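> Mind having a look at this structure? Questions to follow.
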Amino acid sequence: IAAQGLMGVRYGDRIHLFYKTSHYEYDPATDTYTSKASVPTGRTWGTCAIVNNKIYVIGGYAYPGGPTNVNEVYNPSSDSWSVKAPLPNNQYGVTRENPVINGLIYVTHGRNTPFYTDNYLYDPAGDTWRRKASAQHPRDGVGCCALGGKLYVVGEIGRAHV
């Protein structure tokens with residue numbers, strides 16, 4: 001699964017990796033991979049976030065289908081998936097590296113046909129979305145970091161792909 005669009009997130013002392021329908025748990029202590037329950041909607045370039053010991057995989061580029069708004073949550077204790085309220089837009093290339101502040105998941109930037117400045121906030125407790133202020137620069141393939149109660153987004157400014 002070492003390919004462009006790979007999604008991953010640290011969960012405890014392990015790393016969960018997602019690529020299309022593949023899902024592996026990596027244990028750095030033993031340098032081993034364990035296959036886990038397949039991702040229901042195969043995709044790449046989505047958001048991975050952890051809230052209340054559950055892993056959310058939101059949006060991305062679905063195979064088949066293209067940009068998607070699917071929001072699915074993985075429960076590591078039961079090795080099972082469930083579906084949650086969809087992202088308001090179909091988009092991929094969004095913030096991916098656990099964009100969580102105070103238990104809320106930020107999904108920002110990305111693209112479908114245009115590049116987005118959209119900024120959405122997902123509340124897992126209420127399974128609801130709300131639109132926040134737009135970003136200044138449209139872009140996709142961004143990295144992010146939640147630090148000191150702020151979300152920092154870094155990456156290339158959106159441009160046409162040749």
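Ligands are numbered from 1 in the order shown, residues from 1 within each chain, and chains are lettered A, B, ... in the order they appear in the structure tokens.
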Against segment 8-23 of chain A, which residues of segment 42-79 of chain A fall within 8 Å? For each one I want the closest pair of atoms and the distance in Å (one decimal), counting only C-alpha atoms, rows by chain and increasing residue number, as a Markdown table.


```
| residue | atom | partner | partner_atom | distance |
| --- | --- | --- | --- | --- |
| A:Gly42 | CA | A:Lys20 | CA | 3.8 |
| A:Arg43 | CA | A:Lys20 | CA | 4.0 |
| A:Thr44 | CA | A:Lys20 | CA | 5.7 |
| A:Cys48 | CA | A:Val9 | CA | 6.2 |
| A:Ala49 | CA | A:Val9 | CA | 7.0 |
| A:Ile50 | CA | A:Tyr11 | CA | 7.6 |
| A:Ala62 | CA | A:Lys20 | CA | 7.4 |
| A:Tyr63 | CA | A:Lys20 | CA | 6.9 |
```

> Put those residues in a file: N, CA, C and O atoms, as a compact mmCIF listing (two decimals), in the first residue's frame.


```txt
# COMPACT_ATOMS: atom_id res chain seq x y z
N GLY A 42 -13.73 2.09 -0.44
CA GLY A 42 -12.33 2.17 -0.84
C GLY A 42 -11.98 3.55 -1.35
O GLY A 42 -12.65 4.08 -2.23
N ARG A 43 -10.93 4.15 -0.78
CA ARG A 43 -10.55 5.51 -1.17
C ARG A 43 -9.14 5.85 -0.75
O ARG A 43 -8.50 5.12 0.01
N THR A 44 -8.69 7.00 -1.23
CA THR A 44 -7.40 7.59 -0.88
C THR A 44 -7.63 9.07 -0.59
O THR A 44 -8.72 9.59 -0.81
N CYS A 48 -8.01 11.42 8.24
CA CYS A 48 -8.00 10.41 9.30
C CYS A 48 -7.92 11.16 10.63
O CYS A 48 -7.05 12.01 10.80
N ALA A 49 -8.83 10.82 11.53
CA ALA A 49 -8.86 11.53 12.81
C ALA A 49 -9.31 10.58 13.91
O ALA A 49 -10.11 9.67 13.67
N ILE A 50 -8.82 10.83 15.13
CA ILE A 50 -9.19 10.01 16.28
C ILE A 50 -9.92 10.87 17.30
O ILE A 50 -9.43 11.92 17.71
N ALA A 62 -12.75 8.13 -4.03
CA ALA A 62 -13.27 6.76 -3.98
C ALA A 62 -12.96 6.00 -5.27
O ALA A 62 -12.88 6.59 -6.35
N TYR A 63 -12.81 4.69 -5.12
CA TYR A 63 -12.57 3.79 -6.26
C TYR A 63 -13.63 2.71 -6.26
O TYR A 63 -13.64 1.87 -5.37
```

> Fewer than 3 positions away in the same chain doesn't count, so skip those; otherwise give me all residues within 8 Å of Arg96 of chain A, counting only C-alpha atoms, as a PyMOL selection string.

chain A and resi 7+45-49+93+99+142-144

> Since we have the selection now, will you write its residues out, keeping N, CA and C atoms, as a CSV table (one decimal), in the first residue's frame?


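So the final result, stored in result.csv, reads:
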```csv
chain,number,residue,atom,x,y,z
A,7,MET,N,-3.4,6.9,3.6
A,7,MET,CA,-3.8,7.7,4.7
A,7,MET,C,-3.4,6.9,6.0
A,45,TRP,N,-6.6,9.8,-0.1
A,45,TRP,CA,-6.6,11.2,0.1
A,45,TRP,C,-7.7,11.8,1.0
A,46,GLY,N,-8.1,11.0,2.0
A,46,GLY,CA,-9.1,11.5,2.9
A,46,GLY,C,-8.5,11.9,4.2
A,47,THR,N,-9.4,12.4,5.1
A,47,THR,CA,-9.0,12.8,6.5
A,47,THR,C,-9.0,11.6,7.4
A,48,CYS,N,-8.0,11.4,8.2
A,48,CYS,CA,-8.0,10.4,9.3
A,48,CYS,C,-7.9,11.2,10.6
A,49,ALA,N,-8.8,10.8,11.5
A,49,ALA,CA,-8.9,11.5,12.8
A,49,ALA,C,-9.3,10.6,13.9
A,93,GLY,N,-7.9,15.2,-1.0
A,93,GLY,CA,-6.7,16.1,-0.8
A,93,GLY,C,-6.9,17.1,0.4
A,99,PRO,N,-6.7,16.2,12.3
A,99,PRO,CA,-7.0,17.6,12.5
A,99,PRO,C,-8.1,17.7,13.6
A,142,VAL,N,-2.8,18.9,1.3
A,142,VAL,CA,-2.2,19.7,2.4
A,142,VAL,C,-1.8,18.8,3.6
A,143,GLY,N,-0.9,19.2,4.3
A,143,GLY,CA,-0.6,18.6,5.6
A,143,GLY,C,-1.2,19.5,6.7
A,144,CYS,N,-1.3,19.0,7.9
A,144,CYS,CA,-1.8,19.9,9.0
A,144,CYS,C,-1.3,19.4,10.3
```

> Go through A:Thr117, A:Thr34, A:Asn90, A:Asn53 and flag the residue nearest His137 of chain A, using only C-alpha atoms for the distances.

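Checking each of A:Thr117, A:Thr34, A:Asn90, A:Asn53 against His137 of chain A, counting only C-alpha atoms, the winner is A:Thr117.
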